[in-house]
Amino acid sequence: MQPEMNLRILPRTVQQETVDKLRLAIFSGVFEPGSRLIESQLCVQLGISRPSLREALRSLAAERLIDLVPNRGPSIPALTWEDMTAIYEARELLEVEAVGRCSLRIPKEQLSELEKALSAFAEAASSNNSLARVTTAADFYSIILANCGNPILEEIHRGLVARISFFRARSMSLEGRAQQSFAEMQEIYQAIAAGDQKAARKASRKHILKAMAAAKESMESAN
């Protein structure tokens, strides 16, 4: 006799799916920076109730992907060069340290997972799937952060992942940038695999600075 399985869908599942879909829509540029979100339209598009939508919007506001202004409604934050610079500076501080520490600590089985994540990004980089590029790049870094030996560093970085991904999507919209990113990430992986902390830090810093330059170029071309 087969055991019974509870197949009931919880409201939390609907909310999380809503958050995921809206997050990906923001990353892919469906909503322009500075634009307002019309709740009634989103409810129809997503097929959900207004309370479910508002709960999802609060989650996205916590990730700083949308602004919730009283008496004005939700909107996509307007991009400024100052905001972008602050994010990339924080990213450099966190990721260079994490990559260096990871090169000295990552176990063999996790190194294999990192290689798989890099391969997944390589496949995404050669496709036209911008969302896959963003998610696979985030997966690559999540493995590095999880193996840096400092859970607080990982926790702080996790709070920036959504905004990092937002700018990453913009930078990778430039022709050829995804392939360049792969080459840079491959250099990071090789240094980690070799246990070369100095080379790992150098490769990580180089990658972030080039990503920042690409994001700036993308931002300027959009204006």
# chains A, B, ... in the order shown; residues from 1 in each chain; ligands from 1

$ select_by_dssp --residues "stretch 2-221 of chain A" --states "alpha helix (DSSP H)" --output "tab-separated table (two decimals) with N, CA and C atoms, in the first residue's frame"
chain	number	residue	atom	x	y	z
A	11	PRO	N	-0.76	28.64	0.43
A	11	PRO	CA	-0.70	30.02	-0.07
A	11	PRO	C	0.73	30.53	-0.23
A	12	ARG	N	1.62	30.05	0.64
A	12	ARG	CA	3.01	30.47	0.56
A	12	ARG	C	3.61	30.14	-0.80
A	13	THR	N	3.17	29.02	-1.39
A	13	THR	CA	3.68	28.62	-2.70
A	13	THR	C	3.29	29.65	-3.76
A	14	VAL	N	2.07	30.12	-3.71
A	14	VAL	CA	1.58	31.12	-4.65
A	14	VAL	C	2.37	32.41	-4.48
A	15	GLN	N	2.58	32.81	-3.23
A	15	GLN	CA	3.32	34.04	-2.96
A	15	GLN	C	4.74	33.96	-3.48
A	16	GLN	N	5.42	32.83	-3.21
A	16	GLN	CA	6.81	32.70	-3.64
A	16	GLN	C	6.92	32.67	-5.15
A	17	GLU	N	5.97	32.01	-5.81
A	17	GLU	CA	5.99	31.98	-7.27
A	17	GLU	C	5.78	33.39	-7.83
A	18	THR	N	4.92	34.16	-7.17
A	18	THR	CA	4.69	35.54	-7.59
A	18	THR	C	5.95	36.37	-7.44
A	19	VAL	N	6.62	36.23	-6.30
A	19	VAL	CA	7.88	36.94	-6.06
A	19	VAL	C	8.90	36.57	-7.13
A	20	ASP	N	9.04	35.28	-7.41
A	20	ASP	CA	10.02	34.82	-8.39
A	20	ASP	C	9.74	35.39	-9.78
A	21	LYS	N	8.48	35.37	-10.19
A	21	LYS	CA	8.13	35.86	-11.53
A	21	LYS	C	8.34	37.36	-11.66
A	22	LEU	N	7.96	38.10	-10.63
A	22	LEU	CA	8.15	39.55	-10.68
A	22	LEU	C	9.63	39.90	-10.63
A	23	ARG	N	10.39	39.17	-9.85
A	23	ARG	CA	11.83	39.43	-9.77
A	23	ARG	C	12.49	39.22	-11.12
A	24	LEU	N	12.15	38.13	-11.78
A	24	LEU	CA	12.72	37.85	-13.10
A	24	LEU	C	12.27	38.89	-14.13
A	25	ALA	N	11.03	39.35	-14.00
A	25	ALA	CA	10.54	40.39	-14.92
A	25	ALA	C	11.32	41.68	-14.74
A	26	ILE	N	11.66	42.00	-13.50
A	26	ILE	CA	12.45	43.20	-13.22
A	26	ILE	C	13.85	43.04	-13.79
A	27	PHE	N	14.46	41.87	-13.57
A	27	PHE	CA	15.80	41.61	-14.08
A	27	PHE	C	15.86	41.73	-15.60
A	39	GLU	N	-1.30	47.81	-9.59
A	39	GLU	CA	-1.65	46.58	-8.90
A	39	GLU	C	-2.79	45.82	-9.60
A	40	SER	N	-3.80	46.55	-10.05
A	40	SER	CA	-4.94	45.88	-10.69
A	40	SER	C	-4.50	45.13	-11.95
A	41	GLN	N	-3.59	45.73	-12.72
A	41	GLN	CA	-3.09	45.08	-13.93
A	41	GLN	C	-2.25	43.85	-13.58
A	42	LEU	N	-1.41	43.98	-12.56
A	42	LEU	CA	-0.57	42.85	-12.16
A	42	LEU	C	-1.41	41.68	-11.65
A	43	CYS	N	-2.47	41.97	-10.94
A	43	CYS	CA	-3.34	40.90	-10.44
A	43	CYS	C	-3.93	40.10	-11.60
A	44	VAL	N	-4.35	40.82	-12.65
A	44	VAL	CA	-4.91	40.15	-13.82
A	44	VAL	C	-3.84	39.35	-14.54
A	45	GLN	N	-2.66	39.97	-14.75
A	45	GLN	CA	-1.57	39.30	-15.47
A	45	GLN	C	-1.10	38.05	-14.74
A	46	LEU	N	-1.03	38.12	-13.42
A	46	LEU	CA	-0.51	37.00	-12.63
A	46	LEU	C	-1.60	36.03	-12.21
A	50	ARG	N	-5.28	40.54	-4.78
A	50	ARG	CA	-4.51	41.72	-4.38
A	50	ARG	C	-3.74	41.48	-3.08
A	51	PRO	N	-4.31	40.80	-2.06
A	51	PRO	CA	-3.51	40.52	-0.86
A	51	PRO	C	-2.25	39.70	-1.16
A	52	SER	N	-2.37	38.71	-2.05
A	52	SER	CA	-1.20	37.90	-2.42
A	52	SER	C	-0.16	38.75	-3.13
A	53	LEU	N	-0.64	39.64	-4.01
A	53	LEU	CA	0.28	40.51	-4.73
A	53	LEU	C	1.00	41.44	-3.77
A	54	ARG	N	0.27	42.03	-2.83
A	54	ARG	CA	0.88	42.98	-1.91
A	54	ARG	C	1.92	42.32	-1.00
A	55	GLU	N	1.67	41.07	-0.63
A	55	GLU	CA	2.65	40.34	0.17
A	55	GLU	C	3.92	40.12	-0.64
A	56	ALA	N	3.77	39.79	-1.92
A	56	ALA	CA	4.92	39.60	-2.80
A	56	ALA	C	5.68	40.91	-2.99
A	57	LEU	N	4.94	42.00	-3.14
A	57	LEU	CA	5.58	43.30	-3.32
A	57	LEU	C	6.39	43.71	-2.09
A	58	ARG	N	5.90	43.35	-0.91
A	58	ARG	CA	6.65	43.64	0.31
A	58	ARG	C	7.97	42.87	0.34
A	59	SER	N	7.94	41.64	-0.16
A	59	SER	CA	9.17	40.84	-0.22
A	59	SER	C	10.17	41.47	-1.18
A	60	LEU	N	9.70	41.95	-2.31
A	60	LEU	CA	10.58	42.58	-3.29
A	60	LEU	C	11.10	43.92	-2.79
A	61	ALA	N	10.29	44.60	-1.99
A	61	ALA	CA	10.74	45.87	-1.40
A	61	ALA	C	11.88	45.61	-0.42
A	62	ALA	N	11.80	44.49	0.30
A	62	ALA	CA	12.87	44.12	1.24
A	62	ALA	C	14.18	43.85	0.50
A	81	TRP	N	23.87	56.40	-11.23
A	81	TRP	CA	25.24	55.93	-11.25
A	81	TRP	C	25.79	55.77	-9.84
A	82	GLU	N	25.32	56.61	-8.92
A	82	GLU	CA	25.76	56.52	-7.53
A	82	GLU	C	25.31	55.20	-6.90
A	83	ASP	N	24.07	54.81	-7.17
A	83	ASP	CA	23.56	53.53	-6.65
A	83	ASP	C	24.39	52.37	-7.20
A	84	MET	N	24.63	52.41	-8.50
A	84	MET	CA	25.38	51.34	-9.14
A	84	MET	C	26.81	51.25	-8.59
A	85	THR	N	27.44	52.40	-8.42
A	85	THR	CA	28.80	52.43	-7.89
A	85	THR	C	28.86	51.83	-6.49
A	86	ALA	N	27.88	52.19	-5.66
A	86	ALA	CA	27.84	51.68	-4.28
A	86	ALA	C	27.71	50.16	-4.26
A	87	ILE	N	26.85	49.62	-5.13
A	87	ILE	CA	26.65	48.17	-5.19
A	87	ILE	C	27.94	47.47	-5.63
A	88	TYR	N	28.58	47.98	-6.67
A	88	TYR	CA	29.80	47.33	-7.16
A	88	TYR	C	30.96	47.46	-6.17
A	89	GLU	N	31.02	48.56	-5.44
A	89	GLU	CA	32.06	48.70	-4.42
A	89	GLU	C	31.84	47.68	-3.31
A	90	ALA	N	30.60	47.52	-2.89
A	90	ALA	CA	30.29	46.52	-1.86
A	90	ALA	C	30.56	45.11	-2.38
A	91	ARG	N	30.21	44.89	-3.64
A	91	ARG	CA	30.46	43.59	-4.25
A	91	ARG	C	31.96	43.27	-4.28
A	92	GLU	N	32.76	44.27	-4.62
A	92	GLU	CA	34.21	44.05	-4.65
A	92	GLU	C	34.74	43.68	-3.27
A	93	LEU	N	34.31	44.40	-2.24
A	93	LEU	CA	34.76	44.12	-0.88
A	93	LEU	C	34.41	42.70	-0.45
A	94	LEU	N	33.18	42.28	-0.75
A	94	LEU	CA	32.70	40.98	-0.30
A	94	LEU	C	33.22	39.83	-1.14
A	95	GLU	N	33.13	39.96	-2.46
A	95	GLU	CA	33.46	38.83	-3.33
A	95	GLU	C	34.95	38.56	-3.44
A	96	VAL	N	35.77	39.60	-3.48
A	96	VAL	CA	37.22	39.37	-3.55
A	96	VAL	C	37.68	38.62	-2.30
A	97	GLU	N	37.15	39.03	-1.14
A	97	GLU	CA	37.50	38.34	0.10
A	97	GLU	C	36.99	36.90	0.09
A	98	ALA	N	35.75	36.72	-0.35
A	98	ALA	CA	35.15	35.38	-0.38
A	98	ALA	C	35.89	34.45	-1.33
A	99	VAL	N	36.24	34.96	-2.51
A	99	VAL	CA	36.96	34.14	-3.49
A	99	VAL	C	38.33	33.73	-2.95
A	100	GLY	N	39.02	34.67	-2.31
A	100	GLY	CA	40.32	34.35	-1.74
A	100	GLY	C	40.23	33.30	-0.66
A	101	ARG	N	39.27	33.45	0.23
A	101	ARG	CA	39.09	32.48	1.32
A	101	ARG	C	38.64	31.12	0.77
A	102	CYS	N	37.77	31.15	-0.23
A	102	CYS	CA	37.27	29.92	-0.83
A	102	CYS	C	38.41	29.10	-1.44
A	103	SER	N	39.38	29.77	-2.05
A	103	SER	CA	40.49	29.06	-2.70
A	103	SER	C	41.30	28.22	-1.72
A	104	LEU	N	41.24	28.56	-0.45
A	104	LEU	CA	41.99	27.83	0.57
A	104	LEU	C	41.15	26.79	1.31
A	105	ARG	N	39.83	26.83	1.09
A	105	ARG	CA	38.95	26.01	1.93
A	105	ARG	C	38.03	25.05	1.19
A	108	LYS	N	36.79	19.09	-2.33
A	108	LYS	CA	36.77	18.60	-3.71
A	108	LYS	C	35.37	18.47	-4.27
A	109	GLU	N	34.42	17.98	-3.45
A	109	GLU	CA	33.07	17.79	-3.98
A	109	GLU	C	32.40	19.13	-4.30
A	110	GLN	N	32.72	20.15	-3.52
A	110	GLN	CA	32.16	21.47	-3.79
A	110	GLN	C	32.86	22.13	-4.98
A	111	LEU	N	34.12	21.83	-5.17
A	111	LEU	CA	34.84	22.33	-6.35
A	111	LEU	C	34.21	21.76	-7.61
A	112	SER	N	33.77	20.51	-7.52
A	112	SER	CA	33.09	19.88	-8.65
A	112	SER	C	31.76	20.58	-8.93
A	113	GLU	N	31.04	20.97	-7.87
A	113	GLU	CA	29.79	21.71	-8.04
A	113	GLU	C	30.04	23.08	-8.65
A	114	LEU	N	31.15	23.70	-8.26
A	114	LEU	CA	31.50	25.00	-8.82
A	114	LEU	C	31.79	24.88	-10.31
A	115	GLU	N	32.45	23.81	-10.70
A	115	GLU	CA	32.73	23.57	-12.12
A	115	GLU	C	31.44	23.38	-12.90
A	116	LYS	N	30.48	22.66	-12.30
A	116	LYS	CA	29.18	22.45	-12.95
A	116	LYS	C	28.44	23.78	-13.13
A	117	ALA	N	28.53	24.62	-12.10
A	117	ALA	CA	27.87	25.93	-12.17
A	117	ALA	C	28.50	26.79	-13.27
A	118	LEU	N	29.82	26.69	-13.40
A	118	LEU	CA	30.52	27.44	-14.45
A	118	LEU	C	30.10	26.93	-15.83
A	119	SER	N	29.96	25.63	-15.97
A	119	SER	CA	29.53	25.05	-17.24
A	119	SER	C	28.11	25.49	-17.59
A	120	ALA	N	27.26	25.57	-16.57
A	120	ALA	CA	25.88	26.02	-16.79
A	120	ALA	C	25.86	27.47	-17.26
A	121	PHE	N	26.76	28.28	-16.68
A	121	PHE	CA	26.83	29.67	-17.12
A	121	PHE	C	27.37	29.75	-18.54
A	122	ALA	N	28.34	28.91	-18.88
A	122	ALA	CA	28.90	28.91	-20.24
A	122	ALA	C	27.80	28.63	-21.26
A	123	GLU	N	26.94	27.68	-20.93
A	123	GLU	CA	25.83	27.35	-21.83
A	123	GLU	C	24.86	28.52	-21.95
A	124	ALA	N	24.58	29.17	-20.80
A	124	ALA	CA	23.68	30.32	-20.81
A	124	ALA	C	24.28	31.50	-21.57
A	125	ALA	N	25.61	31.67	-21.43
A	125	ALA	CA	26.29	32.79	-22.09
A	125	ALA	C	26.23	32.67	-23.60
A	130	SER	N	18.64	35.70	-21.33
A	130	SER	CA	19.25	36.63	-20.37
A	130	SER	C	18.98	36.22	-18.93
A	131	LEU	N	17.81	35.63	-18.68
A	131	LEU	CA	17.49	35.22	-17.32
A	131	LEU	C	18.38	34.06	-16.88
A	132	ALA	N	18.67	33.14	-17.79
A	132	ALA	CA	19.54	32.02	-17.46
A	132	ALA	C	20.95	32.51	-17.15
A	133	ARG	N	21.40	33.54	-17.85
A	133	ARG	CA	22.73	34.09	-17.56
A	133	ARG	C	22.80	34.62	-16.14
A	134	VAL	N	21.77	35.34	-15.74
A	134	VAL	CA	21.74	35.94	-14.41
A	134	VAL	C	21.67	34.87	-13.32
A	135	THR	N	20.78	33.90	-13.50
A	135	THR	CA	20.60	32.88	-12.46
A	135	THR	C	21.80	31.95	-12.34
A	136	THR	N	22.41	31.58	-13.46
A	136	THR	CA	23.57	30.67	-13.38
A	136	THR	C	24.79	31.39	-12.81
A	137	ALA	N	24.93	32.68	-13.11
A	137	ALA	CA	26.03	33.45	-12.52
A	137	ALA	C	25.84	33.55	-11.02
A	138	ALA	N	24.60	33.77	-10.58
A	138	ALA	CA	24.31	33.83	-9.14
A	138	ALA	C	24.60	32.50	-8.47
A	139	ASP	N	24.29	31.40	-9.16
A	139	ASP	CA	24.58	30.06	-8.61
A	139	ASP	C	26.09	29.86	-8.41
A	140	PHE	N	26.87	30.31	-9.38
A	140	PHE	CA	28.34	30.19	-9.31
A	140	PHE	C	28.86	30.89	-8.05
A	141	TYR	N	28.38	32.10	-7.84
A	141	TYR	CA	28.86	32.86	-6.68
A	141	TYR	C	28.30	32.34	-5.36
A	142	SER	N	27.11	31.77	-5.38
A	142	SER	CA	26.54	31.25	-4.14
A	142	SER	C	27.38	30.09	-3.61
A	143	ILE	N	27.96	29.30	-4.52
A	143	ILE	CA	28.83	28.19	-4.10
A	143	ILE	C	30.12	28.74	-3.49
A	144	ILE	N	30.66	29.77	-4.10
A	144	ILE	CA	31.87	30.39	-3.57
A	144	ILE	C	31.62	30.95	-2.17
A	145	LEU	N	30.51	31.68	-2.02
A	145	LEU	CA	30.19	32.27	-0.71
A	145	LEU	C	29.93	31.21	0.34
A	146	ALA	N	29.28	30.11	-0.07
A	146	ALA	CA	28.97	29.04	0.88
A	146	ALA	C	30.23	28.31	1.35
A	151	PRO	N	30.14	32.55	7.53
A	151	PRO	CA	28.70	32.62	7.27
A	151	PRO	C	28.14	34.04	7.31
A	152	ILE	N	28.78	34.94	8.05
A	152	ILE	CA	28.31	36.32	8.09
A	152	ILE	C	28.57	37.02	6.76
A	153	LEU	N	29.74	36.75	6.18
A	153	LEU	CA	30.07	37.28	4.86
A	153	LEU	C	29.05	36.80	3.84
A	154	GLU	N	28.71	35.53	3.93
A	154	GLU	CA	27.72	34.94	3.03
A	154	GLU	C	26.35	35.59	3.23
A	155	GLU	N	25.97	35.82	4.47
A	155	GLU	CA	24.67	36.41	4.79
A	155	GLU	C	24.56	37.84	4.25
A	156	ILE	N	25.61	38.63	4.44
A	156	ILE	CA	25.60	40.01	3.95
A	156	ILE	C	25.50	40.04	2.42
A	157	HIS	N	26.26	39.16	1.77
A	157	HIS	CA	26.23	39.09	0.31
A	157	HIS	C	24.85	38.68	-0.19
A	158	ARG	N	24.21	37.76	0.53
A	158	ARG	CA	22.88	37.30	0.12
A	158	ARG	C	21.89	38.45	0.08
A	161	VAL	N	22.25	40.10	-3.33
A	161	VAL	CA	22.17	39.28	-4.55
A	161	VAL	C	21.15	39.81	-5.54
A	162	ALA	N	19.97	40.20	-5.06
A	162	ALA	CA	18.93	40.67	-5.98
A	162	ALA	C	19.40	41.91	-6.74
A	163	ARG	N	20.02	42.86	-6.02
A	163	ARG	CA	20.48	44.08	-6.69
A	163	ARG	C	21.70	43.82	-7.57
A	164	ILE	N	22.55	42.90	-7.16
A	164	ILE	CA	23.68	42.51	-8.01
A	164	ILE	C	23.15	41.91	-9.31
A	165	SER	N	22.15	41.05	-9.19
A	165	SER	CA	21.57	40.41	-10.37
A	165	SER	C	20.90	41.43	-11.27
A	166	PHE	N	20.29	42.45	-10.67
A	166	PHE	CA	19.64	43.52	-11.44
A	166	PHE	C	20.66	44.21	-12.34
A	167	PHE	N	21.80	44.59	-11.78
A	167	PHE	CA	22.84	45.26	-12.57
A	167	PHE	C	23.55	44.28	-13.50
A	168	ARG	N	23.67	43.02	-13.06
A	168	ARG	CA	24.30	42.00	-13.91
A	168	ARG	C	23.50	41.83	-15.20
A	169	ALA	N	22.19	41.83	-15.08
A	169	ALA	CA	21.34	41.69	-16.28
A	169	ALA	C	21.58	42.84	-17.24
A	170	ARG	N	21.78	44.06	-16.68
A	170	ARG	CA	22.04	45.21	-17.54
A	170	ARG	C	23.39	45.11	-18.23
A	171	SER	N	24.42	44.72	-17.49
A	171	SER	CA	25.75	44.65	-18.08
A	171	SER	C	25.83	43.57	-19.14
A	177	ARG	N	29.38	40.67	-23.87
A	177	ARG	CA	29.76	40.77	-22.45
A	177	ARG	C	29.60	39.43	-21.74
A	178	ALA	N	28.59	38.64	-22.08
A	178	ALA	CA	28.38	37.35	-21.41
A	178	ALA	C	29.57	36.42	-21.65
A	179	GLN	N	30.08	36.41	-22.88
A	179	GLN	CA	31.24	35.56	-23.19
A	179	GLN	C	32.49	36.05	-22.45
A	180	GLN	N	32.64	37.37	-22.34
A	180	GLN	CA	33.77	37.91	-21.58
A	180	GLN	C	33.64	37.55	-20.10
A	181	SER	N	32.42	37.60	-19.59
A	181	SER	CA	32.19	37.23	-18.19
A	181	SER	C	32.57	35.78	-17.95
A	182	PHE	N	32.23	34.92	-18.91
A	182	PHE	CA	32.58	33.51	-18.76
A	182	PHE	C	34.09	33.34	-18.66
A	183	ALA	N	34.85	34.04	-19.54
A	183	ALA	CA	36.31	33.94	-19.51
A	183	ALA	C	36.86	34.40	-18.16
A	184	GLU	N	36.27	35.47	-17.62
A	184	GLU	CA	36.72	36.00	-16.33
A	184	GLU	C	36.37	35.05	-15.19
A	185	MET	N	35.17	34.48	-15.24
A	185	MET	CA	34.75	33.53	-14.20
A	185	MET	C	35.55	32.23	-14.29
A	186	GLN	N	35.90	31.84	-15.50
A	186	GLN	CA	36.75	30.66	-15.68
A	186	GLN	C	38.11	30.89	-15.03
A	187	GLU	N	38.63	32.10	-15.15
A	187	GLU	CA	39.91	32.45	-14.52
A	187	GLU	C	39.80	32.37	-12.99
A	188	ILE	N	38.67	32.81	-12.47
A	188	ILE	CA	38.43	32.72	-11.02
A	188	ILE	C	38.39	31.25	-10.60
A	189	TYR	N	37.65	30.44	-11.36
A	189	TYR	CA	37.54	29.01	-11.04
A	189	TYR	C	38.92	28.33	-11.06
A	190	GLN	N	39.69	28.61	-12.07
A	190	GLN	CA	41.01	27.97	-12.19
A	190	GLN	C	41.93	28.33	-11.03
A	191	ALA	N	41.86	29.58	-10.57
A	191	ALA	CA	42.68	30.00	-9.43
A	191	ALA	C	42.22	29.32	-8.15
A	192	ILE	N	40.89	29.19	-7.98
A	192	ILE	CA	40.36	28.50	-6.81
A	192	ILE	C	40.77	27.03	-6.85
A	193	ALA	N	40.64	26.40	-8.01
A	193	ALA	CA	40.99	24.98	-8.16
A	193	ALA	C	42.46	24.75	-7.87
A	197	GLN	N	45.43	31.70	-3.74
A	197	GLN	CA	44.63	32.78	-3.18
A	197	GLN	C	44.91	34.12	-3.86
A	198	LYS	N	46.17	34.42	-4.10
A	198	LYS	CA	46.54	35.70	-4.72
A	198	LYS	C	45.93	35.83	-6.11
A	199	ALA	N	46.06	34.77	-6.91
A	199	ALA	CA	45.50	34.80	-8.27
A	199	ALA	C	43.97	34.85	-8.24
A	200	ALA	N	43.38	34.19	-7.26
A	200	ALA	CA	41.91	34.19	-7.15
A	200	ALA	C	41.39	35.58	-6.85
A	201	ARG	N	42.04	36.26	-5.91
A	201	ARG	CA	41.63	37.62	-5.58
A	201	ARG	C	41.81	38.57	-6.77
A	202	LYS	N	42.92	38.42	-7.46
A	202	LYS	CA	43.20	39.27	-8.61
A	202	LYS	C	42.17	39.05	-9.71
A	203	ALA	N	41.84	37.79	-9.97
A	203	ALA	CA	40.85	37.47	-11.01
A	203	ALA	C	39.47	37.98	-10.63
A	204	SER	N	39.13	37.89	-9.36
A	204	SER	CA	37.82	38.36	-8.89
A	204	SER	C	37.71	39.87	-9.04
A	205	ARG	N	38.74	40.58	-8.63
A	205	ARG	CA	38.72	42.05	-8.73
A	205	ARG	C	38.63	42.49	-10.20
A	206	LYS	N	39.38	41.82	-11.06
A	206	LYS	CA	39.35	42.14	-12.49
A	206	LYS	C	37.94	41.94	-13.06
A	207	HIS	N	37.30	40.85	-12.67
A	207	HIS	CA	35.95	40.54	-13.16
A	207	HIS	C	34.95	41.60	-12.73
A	208	ILE	N	35.02	42.00	-11.47
A	208	ILE	CA	34.06	42.98	-10.95
A	208	ILE	C	34.25	44.35	-11.60
A	209	LEU	N	35.49	44.77	-11.78
A	209	LEU	CA	35.75	46.07	-12.41
A	209	LEU	C	35.28	46.10	-13.86
A	210	LYS	N	35.46	44.99	-14.56
A	210	LYS	CA	35.01	44.93	-15.96
A	210	LYS	C	33.48	44.89	-16.02
A	211	ALA	N	32.87	44.18	-15.06
A	211	ALA	CA	31.41	44.13	-15.01
A	211	ALA	C	30.84	45.51	-14.71
A	212	MET	N	31.51	46.24	-13.84
A	212	MET	CA	31.08	47.59	-13.50
A	212	MET	C	31.16	48.52	-14.71
A	213	ALA	N	32.24	48.41	-15.47
A	213	ALA	CA	32.41	49.22	-16.68
A	213	ALA	C	31.33	48.90	-17.70
A	214	ALA	N	30.99	47.61	-17.82
A	214	ALA	CA	29.95	47.20	-18.77
A	214	ALA	C	28.59	47.71	-18.33
A	215	ALA	N	28.33	47.66	-17.02
A	215	ALA	CA	27.05	48.15	-16.50
A	215	ALA	C	26.91	49.65	-16.75
A	216	LYS	N	28.01	50.37	-16.57
A	216	LYS	CA	28.00	51.83	-16.81
A	216	LYS	C	27.71	52.12	-18.29
A	217	GLU	N	28.37	51.36	-19.17
A	217	GLU	CA	28.16	51.55	-20.60
A	217	GLU	C	26.70	51.27	-20.98
A	218	SER	N	26.16	50.21	-20.41
A	218	SER	CA	24.76	49.86	-20.68
A	218	SER	C	23.81	50.94	-20.19
A	219	MET	N	24.13	51.46	-19.04
A	219	MET	CA	23.28	52.51	-18.45
A	219	MET	C	23.33	53.78	-19.29
A	220	GLU	N	24.51	54.15	-19.74
A	220	GLU	CA	24.67	55.37	-20.54
A	220	GLU	C	23.99	55.24	-21.90
A	221	SER	N	24.05	54.03	-22.49
A	221	SER	CA	23.42	53.82	-23.79
A	221	SER	C	21.91	53.85	-23.72

$ select_by_dssp --residues "stretch 2-223 of chain A" --states "strand (DSSP E)" --output "NGL selection string"
:A and (67-69 or 73-75)

$ closest_residue --among "A:Ile106, A:Ala194, A:Ile76, A:Leu174" --to "A:Gly149" --atoms "only C-alpha atoms"
A:Ile106

$ residues_around --residues "stretch 30-36 of chain A" --least-positions-apart "5" --cutoff "7 Å" --atoms "only C-alpha atoms" --output "list in words"
Ala25, Pro74, Ser75, Ile76, Pro77, Ala78 and Leu79 of chain A

$ write_last_selection --atoms "all heavy atoms" --output "mmCIF file, in the first residue's frame"
data_model
loop_
_atom_site.group_PDB
_atom_site.id
_atom_site.type_symbol
_atom_site.label_atom_id
_atom_site.label_comp_id
_atom_site.auth_asym_id
_atom_site.auth_seq_id
_atom_site.Cartn_x
_atom_site.Cartn_y
_atom_site.Cartn_z
ATOM 1 N N ALA A 25 11.028 39.352 -14.004
ATOM 2 C CA ALA A 25 10.537 40.385 -14.917
ATOM 3 C C ALA A 25 11.322 41.681 -14.744
ATOM 4 O O ALA A 25 11.646 42.368 -15.716
ATOM 5 C CB ALA A 25 9.047 40.631 -14.674
ATOM 6 N N PRO A 74 3.451 51.029 -5.633
ATOM 7 C CA PRO A 74 4.767 50.455 -5.916
ATOM 8 C C PRO A 74 5.364 50.978 -7.216
ATOM 9 O O PRO A 74 4.642 51.307 -8.157
ATOM 10 C CB PRO A 74 4.473 48.956 -6.029
ATOM 11 C CG PRO A 74 3.047 48.886 -6.478
ATOM 12 C CD PRO A 74 2.364 50.052 -5.826
ATOM 13 N N SER A 75 6.684 51.075 -7.241
ATOM 14 C CA SER A 75 7.365 51.515 -8.455
ATOM 15 C C SER A 75 8.751 50.885 -8.509
ATOM 16 O O SER A 75 9.283 50.411 -7.494
ATOM 17 C CB SER A 75 7.482 53.040 -8.488
ATOM 18 O OG SER A 75 8.256 53.510 -7.400
ATOM 19 N N ILE A 76 9.327 50.868 -9.708
ATOM 20 C CA ILE A 76 10.685 50.367 -9.897
ATOM 21 C C ILE A 76 11.651 51.515 -9.606
ATOM 22 O O ILE A 76 11.479 52.611 -10.166
ATOM 23 C CB ILE A 76 10.898 49.868 -11.346
ATOM 24 C CG1 ILE A 76 9.838 48.825 -11.708
ATOM 25 C CG2 ILE A 76 12.296 49.286 -11.504
ATOM 26 C CD1 ILE A 76 9.850 47.583 -10.848
ATOM 27 N N PRO A 77 12.638 51.323 -8.736
ATOM 28 C CA PRO A 77 13.563 52.426 -8.429
ATOM 29 C C PRO A 77 14.273 52.926 -9.678
ATOM 30 O O PRO A 77 14.637 52.146 -10.560
ATOM 31 C CB PRO A 77 14.569 51.780 -7.456
ATOM 32 C CG PRO A 77 13.868 50.584 -6.909
ATOM 33 C CD PRO A 77 12.970 50.099 -7.999
ATOM 34 N N ALA A 78 14.434 54.235 -9.754
ATOM 35 C CA ALA A 78 15.192 54.818 -10.855
ATOM 36 C C ALA A 78 16.670 54.531 -10.639
ATOM 37 O O ALA A 78 17.183 54.635 -9.526
ATOM 38 C CB ALA A 78 14.946 56.322 -10.915
ATOM 39 N N LEU A 79 17.363 54.114 -11.692
ATOM 40 C CA LEU A 79 18.783 53.797 -11.584
ATOM 41 C C LEU A 79 19.624 55.060 -11.577
ATOM 42 O O LEU A 79 19.409 55.952 -12.389
ATOM 43 C CB LEU A 79 19.208 52.928 -12.773
ATOM 44 C CG LEU A 79 18.721 51.491 -12.805
ATOM 45 C CD1 LEU A 79 19.114 50.845 -14.136
ATOM 46 C CD2 LEU A 79 19.301 50.693 -11.660
#

$ atom_distance --atom1 "atom CA of A:Ile48" --atom2 "atom CA of A:Gly29"
21.8 Å
